[in-house]
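Note sheet for the following structure.
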2 protein chains.
Amino acid sequence: MTAPTAQPATSTAQWHELAQQLRVDSIRASTAAGSGHPTSSLSAADLMAVLLAKYLKYDFAAPHNPANDHLIFSKGHASPLLYALYKAAGAISDEELMTFRRFGSRVEGHPTPVLPWVDVATGSLGQGLPIGVGIALAGQYLDKLPYRVWVLLGDSETAEGSVWEAFDHASHYRLANLTAIIDVNRLGQRGETELGWNLDVYAARARAFGWHTVEIDGHNLDQIDAAYAEAQRHADGPTVVIARTIKGKGVTALEDKNGWHGRALPADAAKEAIAALGGERHIVVQVHQPPRGGQAPRGAAQAVRLPQYKVGDSVATRRAYGDALKALGAARRDVVALDGEVSNSTYAEDFAHAYPDRFFEMYIAEQQLVAAAVGLQVRGYVPFASTFAAFFTRAYDFIRMAAISRANLRLCGSHAGVSIGEDGPSQMALEDLAMMRAVHGSTVLYPGDGNATAHLVAAMADRPGISFLRTTRAATPVVYDAQDAFPIGGSKVLRQSASDQVAIVAAGITLHEALKAHEQLAGEGIAARVIDAYSVKPIDVETLRQAARETGGRLLVVEDHWPEGGLGDALLEAFAGGDGPLPTVVKLAVRAMPGSGKPAELLDAAGIDAAHIVAAAKQLTG
Amino acid sequence: MTAPTAQPATSTAQWHELAQQLRVDSIRASTAAGSGHPTSSLSAADLMAVLLAKYLKYDFAAPHNPANDHLIFSKGHASPLLYALYKAAGAISDEELMTFRRFGSRVEGHPTPVLPWVDVATGSLGQGLPIGVGIALAGQYLDKLPYRVWVLLGDSETAEGSVWEAFDHASHYRLANLTAIIDVNRLGQRGETELGWNLDVYAARARAFGWHTVEIDGHNLDQIDAAYAEAQRHADGPTVVIARTIKGKGVTALEDKNGWHGRALPADAAKEAIAALGGERHIVVQVHQPPRGGQAPRGAAQAVRLPQYKVGDSVATRRAYGDALKALGAARRDVVALDGEVSNSTYAEDFAHAYPDRFFEMYIAEQQLVAAAVGLQVRGYVPFASTFAAFFTRAYDFIRMAAISRANLRLCGSHAGVSIGEDGPSQMALEDLAMMRAVHGSTVLYPGDGNATAHLVAAMADRPGISFLRTTRAATPVVYDAQDAFPIGGSKVLRQSASDQVAIVAAGITLHEALKAHEQLAGEGIAARVIDAYSVKPIDVETLRQAARETGGRLLVVEDHWPEGGLGDALLEAFAGGDGPLPTVVKLAVRAMPGSGKPAELLDAAGIDAAHIVAAAKQLTG
């Protein structure tokens, strides 16, 4: 096929033709694939045709142009429509469109950034708008560029609380560059939605959350045109276009019919439908170019001057996180920080005070916290998001999806483990290492002192993928020199001798218990190696294997975490490769539900303090 | 101390005295502990005094009385106030109150059901109201008892989307028995909340979400009284009392002051404050008894007649879940089901059609889905909640907290792993086993065929704690007889011989790949044992150790999951204990980000199909 020359589409008749093409292509692609969501695409075809033809400003030849608008399909299952748009914009060929859902194709079942025009993966509903908030924050407060963020939502997904976190934050930050479009087609996967076609309820909710609202017939092209124009004019905050649509619109047999969600038309029915829609078309629309100007965020302006702590002093690693983040902020203009209303606990407040223009308060809304960070990295910023480690569990779906988005994200979770003390189990992260290790391509760090923390925070800024830093509430002794290096994937052997009988592998708070245990064991004539596994993922396989070889295969791992999925499992993983038997491994971890108490009492009760390490080491070597 | 006789408190003057006692006790307890949240307690003291004295119907001597009201502190950090209420109700002694936050005490930093009057643990904000929705659903639709559910919220936590999921569902189900009380004290942990004292915005949002609203001065006892009376009268749905309060109310030095969140008063300041509040009191209030009547939900009415599948037929385990759940519903009146708007995919719809009065559609709101299940089990029901396994990541904080609540909860996650095919990674659970293994006291099940699924679903109904069943999208061969037993903690050795050179450990979809690999390996003269580890947690340690002993210590584990935290780590865990012999372990798991494709293509690309098992087994035994 020869690509036709792009033409402007300025009349209603042309928009209609374009919309029909989007419908036809949505049907063609999904029928060829034998699966997909054509009816969810058909309902939004008119909405997207007008957007593409008249409003979107996007240089499809340069997807990383900083001035481009952003279009997010929060209803990711309408991917046939999105890909049909890309074809209509001349970005992909009809041939590629027709590889929809095939193995190896870029046009996957749900959009992912394998396609350069897709900012973020969607398909877990309720994520596109919160991420759009992040991009809009970048546009309005950091880039200060006139691009707009357009987010297409399904009606069903407004049941997700995360959508209301986004409504809340978008109005709080008066994001006039953000337009949400809700495709109210009345039907969810298995029947009518909660609100059906009650557009007024959607509008009332959005208004109560501070948004400007426009209710339209989502198949009336003039109304759509007017709505987008109104959204662009409304300068005081975000606008939502609430569009009454018909699921399956354009194909009589599908219109407003239950039972057709996520089903491709059989070939015969597809042929008929395409004919009724006026047949195949291969219009290519001249999409408006963005204004010239704008640039990628600048990185390092100067060398990072990390905080330095003196060996023997005491500092909480969360305190060191705050210090290091602030130092990073001084050196790099692209570093931004966000926090979930606990910045005086995570110490993100130091950055916030020093660089208020690059700090975003996300209040107690951890899904929006992570989503905003994802949005900020879309624009090339280097976001650090912090809250209590336990509360990142609230955003696990967003973190999982961020990995599919190939996002570069830095998360810092404070107040980990039973060692936080009196606040009790609701505030104790005891599953965060498991959760974060099981994120594709993730990096999981758990430093034992202030200097290690500072170096690792700096390393995170340059680390691709999702990295997680676990910090400790209590002040702990500084054990490393400020000049020491802490490569990701490395470890530190803090105590060793030629006659080591056992290696104690620890990290974070338990490192200090391990060091105490080492002293006691030495007093009893037992030589114990102490390894600081500050890099939980990737873990330092070589050092662990060497320790196994040199200690007669006796490893004792101790962690302030449930026994599943944490440091102990990471250690075992280092020996699962088929090259030789496992060493003898004893895991000390938190096995009973903790309550309140002093940190020392809780470490004792959990069996992970120095005394328990000593006892376990003696048993293992006895 | 001799416990004073309980007295009715009917006058405003008496309520004031009670409120002052609650304030004094909140200060005394937190100052004695040296930590805690007195100022967050003081703001709500008047609200709770009137509730306890006049509205709450609760038999503190019989916390499991089905007719009792339910009081949930969604703002769990106001625990000093809750415990002060328990003292004022005569439920705990002043002595016990003063053990606040001490090791071993029941009055923990945040409330947990270690205290029999606490239904659920709180402390992760935004969870109390969604759980309250679950209890209110039980009251209105199942128990049909007149009890009320009262939920005290902080203003900061309304930033959590889960709160709006609850607002949405409560009005959808017209829960007239539910009253939310928002303590709008204007100050969060680190400064002013988003909305400050803008009560009208809270009210507009709640009304848009279908609630009746009452705005009051939260320190005016008459207004509080009138508001609760109005909430009780409002019969058409839930009511929210939005109370303007002052953080630290009653202690001039603390009132509306920033910097006092989560800080106990020093002893001197406490002494002064207590004097200003009129000194210690030990009033015990006669709390209204609930009406007589009501009973615990009934269990098995008849034996469960599980579905049976014929060996050699094909059935998806998600299909078997639906069949088994329906069978369970026929036998037991206490079994209830919930789904996140995908019941036609998880097959919870079979239960929904058969027992519509015991099915709750939670729409696409997974946090509310899990929270409602937690609420239903508070009342003794046996809830099964289902959605795609990937989307339980959305509710991880709720699952984590449910473990602290000692909740008995059954979760079924469908569409696990790359084997779902064309929909792509957003819909593929690849971290669910890791996430669920790292829940305290959890049970993690991953059956390989329909009969195993049916038996495990039945076992889950009687299983304490949180159990998770992972089901497969595709139909797979039935390999077990319907009469076989599948004890939790067990496994099945499907292929074995005296000369086994390697053991292949698999579960779910990979079981069938392992069986195919067994045939191929046999053809090449390699005897391979095949173990179905359908019980991922607890795992069958003995069978795995026996396999290690009998195969020369060669284990090959294969799973449709990231390498971290899943079946492979569970297997390794079985050998961490220090009592060898230790096997050589090879893990096959999903290591690269999948895209779309046919299930077989994706299993191949991930390296977890029969061919890859064969190759790995040959390498391991070669």
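Following the order of the structure tokens, first chain is A, next is B, and so on, with residues numbered from 1 inside each chain and ligands from 1 in the order they appear.
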Segment 149-152 of chain B: which residues within 9 Å, counting only C-alpha atoms, same-chain residues fewer than 2 positions away excluded, as a ChimeraX atom specification?
/B:44,48,56,69-76,128-129,132-133,135-136,139,147,154,177-183
List every residue of segment 345-551 of chain A that DSSP, applied to the backbone of this structure, assigns to helix (DSSP H, G or I), and report them as a PyMOL selection string.
chain A and resi 345-346+349-354+356-358+366-378+389-404+418-420+425-427+432-437+450-461+509-523+541-550
As number ranges by chain, please: every residue in segment 470-590 of chain A that DSSP puts in strand (DSSP E or B).
A: 470, 475-477, 492-495, 502-506, 528-532, 535-537, 554-558, 584-588
For chain B, the nearest of the candidates A:Lys537, A:Lys249, A:Arg244, A:Arg358, counting only C-alpha atoms
A:Lys537
Counting only C-alpha atoms, the option among A:Pro63, A:Pro383, A:Pro307, A:Pro563 closest to Ala452 of chain A:
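Once distances to Ala452 of chain A are computed over only C-alpha atoms, the minimum belongs to A:Pro307.
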Kindly determine which residues of chain A lie within 6 Å of chain B, considering only C-alpha atoms, and give the answer as a count of residues only.
41
At a cut-off of 12 Å, using only C-alpha atoms, what residues contact Tyr141 of chain B? Leave out same-chain residues fewer than 4 positions from it and give the result as a PyMOL selection string.
chain B and resi 133-137+145-146+173-177+336+356-360+376
Selection file, all heavy atoms, as a compact mmCIF listing (two decimals), in the first residue's frame:
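Listing of result09.txt after writing:
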# COMPACT_ATOMS: atom_id res chain seq x y z
N VAL B 133 -19.12 -0.45 54.75
CA VAL B 133 -20.09 -0.77 53.70
C VAL B 133 -20.40 -2.27 53.70
O VAL B 133 -21.55 -2.69 53.58
CB VAL B 133 -19.57 -0.32 52.31
CG1 VAL B 133 -20.37 -0.93 51.17
CG2 VAL B 133 -19.60 1.21 52.21
N GLY B 134 -19.36 -3.07 53.87
CA GLY B 134 -19.56 -4.53 53.90
C GLY B 134 -20.43 -4.96 55.08
O GLY B 134 -21.32 -5.80 54.93
N ILE B 135 -20.17 -4.38 56.25
CA ILE B 135 -20.98 -4.75 57.41
C ILE B 135 -22.43 -4.28 57.21
O ILE B 135 -23.38 -4.99 57.53
CB ILE B 135 -20.39 -4.14 58.70
CG1 ILE B 135 -18.94 -4.60 58.89
CG2 ILE B 135 -21.24 -4.51 59.91
CD1 ILE B 135 -18.22 -3.94 60.07
N ALA B 136 -22.58 -3.09 56.65
CA ALA B 136 -23.92 -2.57 56.41
C ALA B 136 -24.67 -3.40 55.37
O ALA B 136 -25.89 -3.60 55.48
CB ALA B 136 -23.84 -1.10 55.97
N LEU B 137 -23.95 -3.90 54.37
CA LEU B 137 -24.57 -4.82 53.40
C LEU B 137 -25.10 -6.05 54.13
O LEU B 137 -26.22 -6.50 53.88
CB LEU B 137 -23.56 -5.26 52.34
CG LEU B 137 -23.20 -4.26 51.23
CD1 LEU B 137 -22.03 -4.79 50.40
CD2 LEU B 137 -24.40 -3.97 50.32
N LEU B 145 -31.19 -7.14 60.27
CA LEU B 145 -31.26 -6.73 61.67
C LEU B 145 -31.12 -5.21 61.71
O LEU B 145 -30.51 -4.61 60.82
CB LEU B 145 -30.12 -7.37 62.48
CG LEU B 145 -30.25 -8.87 62.74
CD1 LEU B 145 -28.98 -9.41 63.38
CD2 LEU B 145 -31.46 -9.16 63.62
N PRO B 146 -31.66 -4.60 62.74
CA PRO B 146 -31.67 -3.13 62.76
C PRO B 146 -30.38 -2.46 63.23
O PRO B 146 -30.38 -1.26 63.47
CB PRO B 146 -32.82 -2.82 63.73
CG PRO B 146 -32.85 -3.98 64.65
CD PRO B 146 -32.42 -5.18 63.86
N TYR B 173 -26.27 0.84 47.03
CA TYR B 173 -27.01 -0.18 47.79
C TYR B 173 -27.94 0.45 48.83
O TYR B 173 -28.47 -0.26 49.67
CB TYR B 173 -26.04 -1.18 48.42
CG TYR B 173 -25.51 -2.19 47.40
CD1 TYR B 173 -24.22 -2.10 46.88
CD2 TYR B 173 -26.33 -3.21 46.94
CE1 TYR B 173 -23.76 -3.02 45.94
CE2 TYR B 173 -25.88 -4.12 46.00
CZ TYR B 173 -24.60 -4.02 45.50
OH TYR B 173 -24.16 -4.92 44.56
N ARG B 174 -28.09 1.76 48.80
CA ARG B 174 -29.02 2.48 49.68
C ARG B 174 -28.90 2.04 51.14
O ARG B 174 -29.87 1.65 51.79
CB ARG B 174 -30.46 2.27 49.21
CG ARG B 174 -30.74 2.88 47.84
CD ARG B 174 -32.16 2.63 47.39
NE ARG B 174 -32.45 3.36 46.17
CZ ARG B 174 -32.94 4.61 46.13
NH1 ARG B 174 -33.23 5.24 47.25
NH2 ARG B 174 -33.16 5.21 44.97
N LEU B 175 -27.68 2.12 51.64
CA LEU B 175 -27.40 1.61 52.99
C LEU B 175 -27.82 2.63 54.05
O LEU B 175 -27.00 3.41 54.54
CB LEU B 175 -25.93 1.23 53.10
CG LEU B 175 -25.48 0.11 52.15
CD1 LEU B 175 -23.97 -0.12 52.25
CD2 LEU B 175 -26.24 -1.18 52.44
N ALA B 176 -29.09 2.58 54.40
CA ALA B 176 -29.63 3.52 55.38
C ALA B 176 -29.10 3.25 56.77
O ALA B 176 -29.23 4.09 57.67
CB ALA B 176 -31.15 3.46 55.36
N ASN B 177 -28.50 2.09 56.96
CA ASN B 177 -27.97 1.71 58.28
C ASN B 177 -26.53 2.16 58.48
O ASN B 177 -25.90 1.80 59.46
CB ASN B 177 -28.08 0.20 58.47
CG ASN B 177 -27.40 -0.59 57.34
OD1 ASN B 177 -27.02 -0.01 56.32
ND2 ASN B 177 -27.26 -1.90 57.51
N VAL B 336 -21.28 -16.32 50.78
CA VAL B 336 -21.70 -15.18 49.96
C VAL B 336 -20.59 -14.92 48.93
O VAL B 336 -19.44 -15.34 49.12
CB VAL B 336 -21.95 -13.91 50.81
CG1 VAL B 336 -23.08 -14.14 51.80
CG2 VAL B 336 -20.69 -13.48 51.55
N PRO B 356 -28.99 -14.83 43.97
CA PRO B 356 -28.81 -13.38 43.80
C PRO B 356 -28.86 -12.61 45.12
O PRO B 356 -28.25 -11.56 45.23
CB PRO B 356 -29.98 -13.00 42.88
CG PRO B 356 -30.95 -14.13 42.94
CD PRO B 356 -30.15 -15.36 43.24
N ASP B 357 -29.55 -13.15 46.10
CA ASP B 357 -29.64 -12.46 47.40
C ASP B 357 -28.34 -12.55 48.17
O ASP B 357 -28.14 -11.84 49.16
CB ASP B 357 -30.79 -13.04 48.23
CG ASP B 357 -30.67 -14.55 48.39
OD1 ASP B 357 -30.21 -15.24 47.43
OD2 ASP B 357 -31.03 -15.06 49.47
N ARG B 358 -27.44 -13.42 47.75
CA ARG B 358 -26.16 -13.55 48.46
C ARG B 358 -24.98 -13.16 47.58
O ARG B 358 -23.83 -13.51 47.86
CB ARG B 358 -25.98 -15.00 48.97
CG ARG B 358 -26.82 -15.31 50.19
CD ARG B 358 -26.49 -16.70 50.70
NE ARG B 358 -27.28 -17.73 50.04
CZ ARG B 358 -26.85 -18.97 49.80
NH1 ARG B 358 -25.63 -19.32 50.15
NH2 ARG B 358 -27.61 -19.85 49.20
N PHE B 359 -25.28 -12.46 46.51
CA PHE B 359 -24.22 -11.99 45.62
C PHE B 359 -24.20 -10.47 45.60
O PHE B 359 -25.25 -9.83 45.50
CB PHE B 359 -24.43 -12.52 44.19
CG PHE B 359 -23.38 -12.01 43.23
CD1 PHE B 359 -22.13 -12.58 43.17
CD2 PHE B 359 -23.65 -10.92 42.40
CE1 PHE B 359 -21.16 -12.09 42.30
CE2 PHE B 359 -22.69 -10.43 41.52
CZ PHE B 359 -21.44 -11.02 41.48
N PHE B 360 -23.02 -9.90 45.68
CA PHE B 360 -22.88 -8.45 45.65
C PHE B 360 -21.96 -8.02 44.52
O PHE B 360 -20.78 -8.39 44.49
CB PHE B 360 -22.35 -7.94 47.00
CG PHE B 360 -23.29 -8.23 48.13
CD1 PHE B 360 -23.08 -9.34 48.95
CD2 PHE B 360 -24.42 -7.45 48.35
CE1 PHE B 360 -23.96 -9.64 49.98
CE2 PHE B 360 -25.30 -7.74 49.38
CZ PHE B 360 -25.07 -8.85 50.21
N LEU B 376 -18.25 -8.38 55.50
CA LEU B 376 -19.20 -9.50 55.57
C LEU B 376 -18.71 -10.58 56.53
O LEU B 376 -19.51 -11.19 57.26
CB LEU B 376 -19.42 -10.07 54.16
CG LEU B 376 -20.26 -9.17 53.24
CD1 LEU B 376 -20.05 -9.55 51.78
CD2 LEU B 376 -21.75 -9.25 53.61
With a distance cut-off of 10 Å and only C-alpha atoms, select the neighbouring residues of Tyr381 of chain B, excluding the residue or stretch itself and same-chain residues fewer than 6 positions from it, and output the selection as a list in words.
Ala138, Leu142, Asp143, Ala296, Pro297, Arg298, Gly299, Arg333, Asp334, Val335, Val336, Ala337, Ala373, Val374, Gly375, Asn408, Leu409 and Ala461 of chain B
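The neighbours of Glu550 of chain B here are the residues that come within 9 Å of it, using only C-alpha atoms and leaving out any residue fewer than 2 positions away in the same chain; they are B:Ala498, B:Ser499, B:Asp500, B:Gln501, B:Val502, B:Ala503, B:Arg545, B:Gln546, B:Ala547, B:Ala548, B:Gly552, B:Gly553, B:Arg554.
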Can you list, as an NGL selection string, every protein, DNA or RNA residue that comes within 10 Å of Asp25 of chain A when you count only C-alpha atoms, leaving out same-chain residues fewer than 3 positions away?
:A and (19-22 or 28-31 or 38 or 41-42 or 80-81 or 83-85 or 87-88 or 94 or 97-98 or 274 or 279-282)
Include N, CA, C and O atoms and write out the residues we just selected as a short mmCIF file (atom, residue, chain, number, x, y, z; two decimals), in the first residue's frame.
data_model
loop_
_atom_site.label_atom_id
_atom_site.label_comp_id
_atom_site.auth_asym_id
_atom_site.auth_seq_id
_atom_site.Cartn_x
_atom_site.Cartn_y
_atom_site.Cartn_z
N ALA A 19 -14.50 9.12 11.28
CA ALA A 19 -15.06 8.29 12.35
C ALA A 19 -15.48 6.93 11.82
O ALA A 19 -15.25 5.90 12.47
N GLN A 20 -16.07 6.94 10.63
CA GLN A 20 -16.50 5.65 10.06
C GLN A 20 -15.27 4.78 9.75
O GLN A 20 -15.29 3.57 9.95
N GLN A 21 -14.22 5.41 9.29
CA GLN A 21 -12.98 4.65 9.06
C GLN A 21 -12.45 4.04 10.36
O GLN A 21 -12.02 2.88 10.40
N LEU A 22 -12.49 4.84 11.43
CA LEU A 22 -12.02 4.33 12.73
C LEU A 22 -12.85 3.12 13.15
O LEU A 22 -12.34 2.15 13.71
N ARG A 28 -12.18 -4.41 11.63
CA ARG A 28 -11.26 -5.22 10.83
C ARG A 28 -10.14 -5.81 11.71
O ARG A 28 -9.84 -7.00 11.63
N ALA A 29 -9.54 -4.95 12.51
CA ALA A 29 -8.40 -5.41 13.31
C ALA A 29 -8.83 -6.48 14.32
O ALA A 29 -8.16 -7.51 14.46
N SER A 30 -9.94 -6.26 14.99
CA SER A 30 -10.34 -7.23 16.02
C SER A 30 -10.87 -8.51 15.40
O SER A 30 -10.62 -9.60 15.93
N THR A 31 -11.56 -8.40 14.30
CA THR A 31 -12.03 -9.64 13.64
C THR A 31 -10.84 -10.45 13.13
O THR A 31 -10.82 -11.68 13.28
N PRO A 38 -14.17 -4.37 19.94
CA PRO A 38 -14.68 -3.45 18.92
C PRO A 38 -15.81 -2.56 19.42
O PRO A 38 -15.83 -1.37 19.10
N SER A 41 -14.78 0.39 21.15
CA SER A 41 -14.10 1.32 20.24
C SER A 41 -15.12 2.13 19.46
O SER A 41 -14.95 3.35 19.27
N LEU A 42 -16.17 1.47 19.03
CA LEU A 42 -17.18 2.14 18.21
C LEU A 42 -17.85 3.29 18.95
O LEU A 42 -18.16 4.34 18.35
N PRO A 80 -8.24 -1.08 19.67
CA PRO A 80 -8.44 -1.04 18.21
C PRO A 80 -8.67 0.38 17.72
O PRO A 80 -8.16 0.78 16.66
N LEU A 81 -9.42 1.15 18.48
CA LEU A 81 -9.67 2.54 18.12
C LEU A 81 -8.38 3.35 18.16
O LEU A 81 -8.11 4.17 17.26
N TYR A 83 -5.31 2.31 17.74
CA TYR A 83 -4.45 1.94 16.62
C TYR A 83 -5.04 2.44 15.30
O TYR A 83 -4.30 2.83 14.39
N ALA A 84 -6.37 2.45 15.21
CA ALA A 84 -7.02 3.00 14.02
C ALA A 84 -6.70 4.49 13.89
O ALA A 84 -6.49 5.02 12.80
N LEU A 85 -6.63 5.16 15.04
CA LEU A 85 -6.22 6.58 15.04
C LEU A 85 -4.79 6.72 14.53
O LEU A 85 -4.49 7.63 13.75
N LYS A 87 -3.23 4.81 12.55
CA LYS A 87 -3.24 4.62 11.10
C LYS A 87 -3.76 5.89 10.41
O LYS A 87 -3.16 6.36 9.43
N ALA A 88 -4.82 6.44 10.94
CA ALA A 88 -5.40 7.64 10.32
C ALA A 88 -4.44 8.83 10.40
O ALA A 88 -4.54 9.77 9.61
N ASP A 94 -1.64 0.23 7.41
CA ASP A 94 -2.78 -0.68 7.53
C ASP A 94 -2.30 -2.10 7.80
O ASP A 94 -2.92 -2.84 8.56
N LEU A 97 -1.57 -2.40 11.44
CA LEU A 97 -2.85 -2.42 12.17
C LEU A 97 -3.43 -3.83 12.19
O LEU A 97 -3.95 -4.29 13.21
N MET A 98 -3.31 -4.50 11.03
CA MET A 98 -3.93 -5.82 10.92
C MET A 98 -3.13 -6.93 11.61
O MET A 98 -3.54 -8.09 11.61
N ILE A 274 -18.97 -3.72 8.03
CA ILE A 274 -18.08 -2.82 7.30
C ILE A 274 -18.80 -2.21 6.10
O ILE A 274 -18.69 -1.01 5.82
N GLY A 279 -17.81 0.79 4.01
CA GLY A 279 -16.64 0.12 3.47
C GLY A 279 -15.31 0.64 3.99
O GLY A 279 -15.27 1.61 4.76
N GLU A 280 -14.25 -0.01 3.57
CA GLU A 280 -12.91 0.39 4.00
C GLU A 280 -12.55 1.76 3.44
O GLU A 280 -12.92 2.11 2.33
N ARG A 281 -11.82 2.50 4.21
CA ARG A 281 -11.26 3.78 3.78
C ARG A 281 -9.79 3.81 4.22
O ARG A 281 -9.41 3.09 5.15
N HIS A 282 -9.03 4.64 3.58
CA HIS A 282 -7.64 4.78 4.03
C HIS A 282 -7.26 6.26 4.07
O HIS A 282 -6.21 6.66 3.57
#
By how many Å are atom CA of Asp540 of chain B and atom CA of Ala506 of chain B apart?
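Here the two named atoms are 12.5 Å from each other.
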Would you kindly return, as an MDAnalysis selection string, each protein, DNA or RNA residue with an atom no farther than 12 Å from any atom of segment 612-614 of chain A, considering only C-alpha atoms and excluding same-chain residues fewer than 2 positions away?
chainID A and resid 502:506 510:528 530 555:559 586:589 603:610 616:622
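Here atom CA of Ala264 of chain A and atom CA of Ile27 of chain A stand 7.3 Å from one another.
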For a test of reading the model, state the distance in Å between atom CA of Thr245 of chain A and atom CA of Ala273 of chain A, rounded to one decimal.
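Answer for the atom CA of Thr245 of chain A to atom CA of Ala273 of chain A separation: 18.4 Å.
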